[in-house]
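*Asks:* Once you've had a glance at the structure underneath, I'll fire off some questions.
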Amino acid sequence: MSTTDELSISRPDRRLTRGRMFGAGILSLVGGFAFIGPVLILADPAAQDFSASLAPIGGDFLLGADHYGRSLLARLAHGARLSFGLAFLTMLAAAVPGVLFGLAAAWKGGWTERFLELTATIVLALPGLMLVLLLLAFAPGNYGPLFLGLSLTLWVEFYRVTKATTKTVLAQPHIEAARMLGFGPRYILVNLVLPVIAPMIATLAAFAMATAIIAVSTLSAISVGLQPPTPELGSMIVELLPYYTEAPVHVLLPAALIFLLVLGLQLLAQGDHP
């Protein structure tokens, strides 16, 4: 086998496929709307004007108004920022301990691995949605329990993928050579292991954010997540659903935003063959 072939095996292919490029484009547009929109849109997402109830698209309201006369454009922008921001923080809170625990279990093995594996098994024994609901029972409608519950359910996937992949990498000859040359665990894990597992962690991160967005929207839709008048996309759908026959587009707008967020993340994670 040639040196070029060896390098192609040891280094992951980082080219952006068409699917990933499309997903990145969707996320850029929705992310720009989520983080720049609330700054540029002057309308208060909670301000009510019953004289403008279910106002159509156009006129004084670019995307119409809901049944309370609140600007849908403002509420969609703030709702997108909430969903995207909460999903990103949830992913970080799950990925950081999950990756660190996975590296520790793979490197040390023994009782460290057994303890972490037992902890992960206990977490998996309790359905993720049930864990979130249990925490929300102490402070319904708050960000904290929702964020913590989702993080506790998502870290196990990062931990197990990191541990399994790291064990495979540590068994390779160049890692053994680095150990024999006296390189410490920090150097080996940071410089030789993390670059190999990073693409898989990035894929898991995108899936975790998509899962968090769906979970937050679903919990809010069944009135156990974030509560009105918080502009949350899932609760917006439920609030507008009784008026579907009068203003169907108003109901579809938050649903379309959730769809675009999740689609962008899924495409960014999966991509396709170039």
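Going through the structure tokens in order, the chains are called A, B, and so on, while each chain numbers its residues from 1 and the ligands are numbered from 1 in the order shown.
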Leaving out Ala215 of chain A and any residue of its chain fewer than 3 positions from it, which residues lie within 12 Å of it when counting only C-alpha atoms, given as JSON, numbers by chain?

*Replies:* {"A": [83, 86, 87, 90, 128, 129, 130, 132, 133, 146, 147, 149, 150, 151, 153, 154, 208, 209, 210, 211, 212, 218, 219, 220, 221, 222, 224, 225, 226, 232, 233, 234, 258, 262]}

*Asks:* Using only C-alpha atoms, tabulate the residues of segment 6-116 of chain A lying at most 12 Å from any atom of segment 183-186 of chain A, each with its closest atom pair and that distance in Å to one decimal, by chain and increasing residue number, as a tab-separated table.

*Replies:*
```
residue	atom	partner	partner_atom	distance
A:Leu100	CA	A:Arg186	CA	11.8
A:Leu103	CA	A:Pro185	CA	10.1
A:Ala104	CA	A:Pro185	CA	10.0
A:Ala106	CA	A:Pro185	CA	11.4
A:Trp107	CA	A:Pro185	CA	8.0
A:Lys108	CA	A:Pro185	CA	10.0
```

*Asks:* So what do you get for atom CA of Gly264 of chain A versus atom CA of Ala24 of chain A, distance-wise?

*Replies:*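 A separation of 6.4 Å between them.
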
*Asks:* Tell me, as a ChimeraX atom specification, which residues lie within 9 Å of Ala46 of chain A, counting only C-alpha atoms; anything in the same chain fewer than 6 positions away does not count.

*Replies:* /A:70-71,74-75,229-231

*Asks:* Would you give me, as an MDAnalysis selection string, the residues in segment 20-132 of chain A that DSSP reads as helix (DSSP H, G or I)?

*Replies:* chainID A and resid 20:40 50:52 72:108 110:125 128:132

*Asks:* Please save C-alpha atoms of the selected residues as a tab-separated table (two decimals), in the first residue's frame.

*Replies:*
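out.tsv, written as the output of this step:
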```tsv
chain	number	residue	atom	x	y	z
A	20	ARG	CA	-24.02	19.06	3.61
A	21	MET	CA	-23.63	22.23	1.59
A	22	PHE	CA	-27.40	22.45	1.18
A	23	GLY	CA	-27.88	21.82	4.90
A	24	ALA	CA	-25.30	24.45	5.78
A	25	GLY	CA	-27.09	26.91	3.49
A	26	ILE	CA	-30.44	26.27	5.18
A	27	LEU	CA	-28.93	26.66	8.62
A	28	SER	CA	-27.18	29.88	7.60
A	29	LEU	CA	-30.45	31.41	6.43
A	30	VAL	CA	-32.50	30.24	9.40
A	31	GLY	CA	-29.67	31.07	11.82
A	32	GLY	CA	-29.38	34.56	10.38
A	33	PHE	CA	-33.13	35.05	10.77
A	34	ALA	CA	-32.97	33.69	14.33
A	35	PHE	CA	-30.11	35.83	15.60
A	36	ILE	CA	-30.31	38.97	13.47
A	37	GLY	CA	-34.09	39.06	13.11
A	38	PRO	CA	-34.88	39.91	16.75
A	39	VAL	CA	-32.43	42.83	16.54
A	40	LEU	CA	-33.82	44.26	13.31
A	50	PHE	CA	-56.98	42.50	19.20
A	51	SER	CA	-58.03	44.78	16.36
A	52	ALA	CA	-55.40	43.00	14.21
A	72	LEU	CA	-45.91	36.58	13.63
A	73	LEU	CA	-42.67	37.82	12.09
A	74	ALA	CA	-41.40	38.93	15.50
A	75	ARG	CA	-42.62	35.78	17.22
A	76	LEU	CA	-41.08	33.52	14.59
A	77	ALA	CA	-37.71	35.30	14.86
A	78	HIS	CA	-37.67	35.08	18.66
A	79	GLY	CA	-38.96	31.48	18.55
A	80	ALA	CA	-36.25	30.43	16.10
A	81	ARG	CA	-33.57	32.03	18.28
A	82	LEU	CA	-34.97	30.25	21.34
A	83	SER	CA	-35.09	26.84	19.64
A	84	PHE	CA	-31.67	27.17	17.98
A	85	GLY	CA	-29.97	28.61	21.06
A	86	LEU	CA	-31.46	26.09	23.49
A	87	ALA	CA	-30.60	23.21	21.16
A	88	PHE	CA	-27.00	24.42	20.80
A	89	LEU	CA	-26.52	24.79	24.57
A	90	THR	CA	-28.10	21.40	25.16
A	91	MET	CA	-25.78	19.81	22.62
A	92	LEU	CA	-22.73	21.40	24.27
A	93	ALA	CA	-23.82	20.30	27.74
A	94	ALA	CA	-24.20	16.74	26.44
A	95	ALA	CA	-21.17	16.60	24.15
A	96	VAL	CA	-18.50	17.95	26.51
A	97	PRO	CA	-19.01	15.45	29.38
A	98	GLY	CA	-19.91	12.65	26.96
A	99	VAL	CA	-16.67	13.01	24.99
A	100	LEU	CA	-14.53	13.49	28.11
A	101	PHE	CA	-16.05	10.46	29.82
A	102	GLY	CA	-15.64	8.39	26.65
A	103	LEU	CA	-11.96	9.31	26.38
A	104	ALA	CA	-11.41	8.53	30.07
A	105	ALA	CA	-13.15	5.15	29.83
A	106	ALA	CA	-11.21	4.13	26.71
A	107	TRP	CA	-7.84	5.24	28.10
A	108	LYS	CA	-8.10	3.99	31.67
A	110	GLY	CA	-10.94	-0.99	34.54
A	111	TRP	CA	-13.21	0.36	37.24
A	112	THR	CA	-13.43	3.77	35.53
A	113	GLU	CA	-14.97	2.22	32.44
A	114	ARG	CA	-17.24	-0.06	34.48
A	115	PHE	CA	-18.53	2.85	36.59
A	116	LEU	CA	-19.21	5.07	33.57
A	117	GLU	CA	-20.85	2.20	31.69
A	118	LEU	CA	-23.11	1.51	34.68
A	119	THR	CA	-24.05	5.19	34.87
A	120	ALA	CA	-24.88	5.27	31.16
A	121	THR	CA	-26.98	2.11	31.50
A	122	ILE	CA	-28.94	3.60	34.39
A	123	VAL	CA	-29.66	6.75	32.36
A	124	LEU	CA	-30.78	4.67	29.38
A	125	ALA	CA	-33.03	2.55	31.61
A	128	GLY	CA	-35.45	10.24	27.91
A	129	LEU	CA	-38.86	11.90	27.75
A	130	MET	CA	-39.71	10.57	31.20
A	131	LEU	CA	-36.50	12.02	32.64
A	132	VAL	CA	-37.29	15.43	31.15
```

*Asks:* For Gly69 of chain A, please output as a PyMOL selection string all residues within 6 Å (counting only C-alpha atoms; exclusion window: fewer than 2 positions along the same chain).

*Replies:* chain A and resi 48-50+52-53+65-67

*Asks:* Go ahead and dump the residues you just picked, N, CA and C atoms, as a CSV table (one decimal), in the first residue's frame.

*Replies:*
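See again26.csv below for the written result:
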```csv
chain,number,residue,atom,x,y,z
A,48,GLN,N,-50.0,42.8,22.3
A,48,GLN,CA,-51.2,42.3,21.7
A,48,GLN,C,-52.0,43.5,21.1
A,49,ASP,N,-52.7,43.2,20.0
A,49,ASP,CA,-53.6,44.2,19.4
A,49,ASP,C,-54.8,43.4,18.8
A,50,PHE,N,-55.9,43.3,19.6
A,50,PHE,CA,-57.0,42.5,19.2
A,50,PHE,C,-57.7,43.0,17.9
A,52,ALA,N,-56.1,43.6,15.3
A,52,ALA,CA,-55.4,43.0,14.2
A,52,ALA,C,-55.4,41.5,14.3
A,53,SER,N,-56.4,40.9,15.0
A,53,SER,CA,-56.4,39.5,15.2
A,53,SER,C,-56.5,38.7,13.9
A,65,ALA,N,-50.6,38.3,11.7
A,65,ALA,CA,-50.6,38.4,13.1
A,65,ALA,C,-51.4,37.2,13.6
A,66,ASP,N,-51.2,36.8,14.9
A,66,ASP,CA,-51.9,35.6,15.5
A,66,ASP,C,-53.2,36.1,16.0
A,67,HIS,N,-53.9,35.2,16.8
A,67,HIS,CA,-55.2,35.5,17.3
A,67,HIS,C,-55.2,36.6,18.3
```

*Asks:* Here is a test: counting only C-alpha atoms, which residue of A:Pro45, A:Gly109, A:Gly59, A:Gly64 is nearest to Val249 of chain A?

*Replies:*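 Counting only C-alpha atoms, the residue closest to Val249 of chain A is A:Gly64.
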
*Asks:* When you draw a straight line from atom CA of Lys163 of chain A to atom CA of Asn191 of chain A, how long is it in Å?

*Replies:*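 Computing the Euclidean distance for atom CA of Lys163 of chain A and atom CA of Asn191 of chain A yields 16.5 Å.
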
*Asks:* Quick check, in Å to one decimal: how far apart do atom CA of Ile201 of chain A and atom CA of Thr162 of chain A lie?

*Replies:*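 Atom CA of Ile201 of chain A sits 7.6 Å away from atom CA of Thr162 of chain A.
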
*Asks:* As a PyMOL selection string, please: the residues near Ala269 of chain A (cut-off 8 Å, only C-alpha atoms, same-chain neighbours under 3 positions excluded).

*Replies:* chain A and resi 20+202-204+206-207+265-266

*Asks:* Report the residues of segment 14-128 of chain A whose backbone DSSP state falls under strand (DSSP E or B), written as a ChimeraX atom specification.

*Replies:* /A:58,61,65,71

*Asks:* Go ahead and save the picked residues with all heavy atoms, as a PDB file, in the first residue's frame.

*Replies:*
```pdb
ATOM      1  N   GLY A  58     -48.891  40.589   4.824  1.00  0.00           N
ATOM      2  CA  GLY A  58     -48.820  41.863   4.110  1.00  0.00           C
ATOM      3  C   GLY A  58     -49.429  42.979   4.937  1.00  0.00           C
ATOM      4  O   GLY A  58     -49.908  42.779   6.057  1.00  0.00           O
ATOM      5  N   PHE A  61     -48.533  43.915   8.854  1.00  0.00           N
ATOM      6  CA  PHE A  61     -47.827  42.741   9.381  1.00  0.00           C
ATOM      7  C   PHE A  61     -47.296  41.933   8.191  1.00  0.00           C
ATOM      8  O   PHE A  61     -48.078  41.371   7.416  1.00  0.00           O
ATOM      9  CB  PHE A  61     -48.760  41.872  10.234  1.00  0.00           C
ATOM     10  CG  PHE A  61     -49.269  42.565  11.462  1.00  0.00           C
ATOM     11  CD1 PHE A  61     -50.479  43.244  11.422  1.00  0.00           C
ATOM     12  CD2 PHE A  61     -48.552  42.555  12.640  1.00  0.00           C
ATOM     13  CE1 PHE A  61     -50.963  43.883  12.553  1.00  0.00           C
ATOM     14  CE2 PHE A  61     -49.019  43.192  13.775  1.00  0.00           C
ATOM     15  CZ  PHE A  61     -50.228  43.864  13.724  1.00  0.00           C
ATOM     16  N   ALA A  65     -50.575  38.304  11.666  1.00  0.00           N
ATOM     17  CA  ALA A  65     -50.636  38.367  13.129  1.00  0.00           C
ATOM     18  C   ALA A  65     -51.419  37.169  13.645  1.00  0.00           C
ATOM     19  O   ALA A  65     -52.254  36.596  12.933  1.00  0.00           O
ATOM     20  CB  ALA A  65     -51.287  39.669  13.581  1.00  0.00           C
ATOM     21  N   SER A  71     -47.393  40.165  16.265  1.00  0.00           N
ATOM     22  CA  SER A  71     -46.667  40.035  15.008  1.00  0.00           C
ATOM     23  C   SER A  71     -46.059  38.635  14.881  1.00  0.00           C
ATOM     24  O   SER A  71     -45.230  38.224  15.705  1.00  0.00           O
ATOM     25  CB  SER A  71     -45.559  41.086  14.930  1.00  0.00           C
ATOM     26  OG  SER A  71     -44.686  40.813  13.854  1.00  0.00           O
TER      27      SER A  71
END
```

*Asks:* So that I can check the surroundings of segment 176-182 of chain A, please list as a list in words every protein, DNA and RNA residue that reaches within 12 Å of it, counting only C-alpha atoms and ignoring chain neighbours fewer than 5 positions away.

*Replies:*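 The residues satisfying every condition are Val169, Leu170, Ala171, Tyr187, Ile188, Leu189, Asn191, Leu192 and Val193 of chain A.
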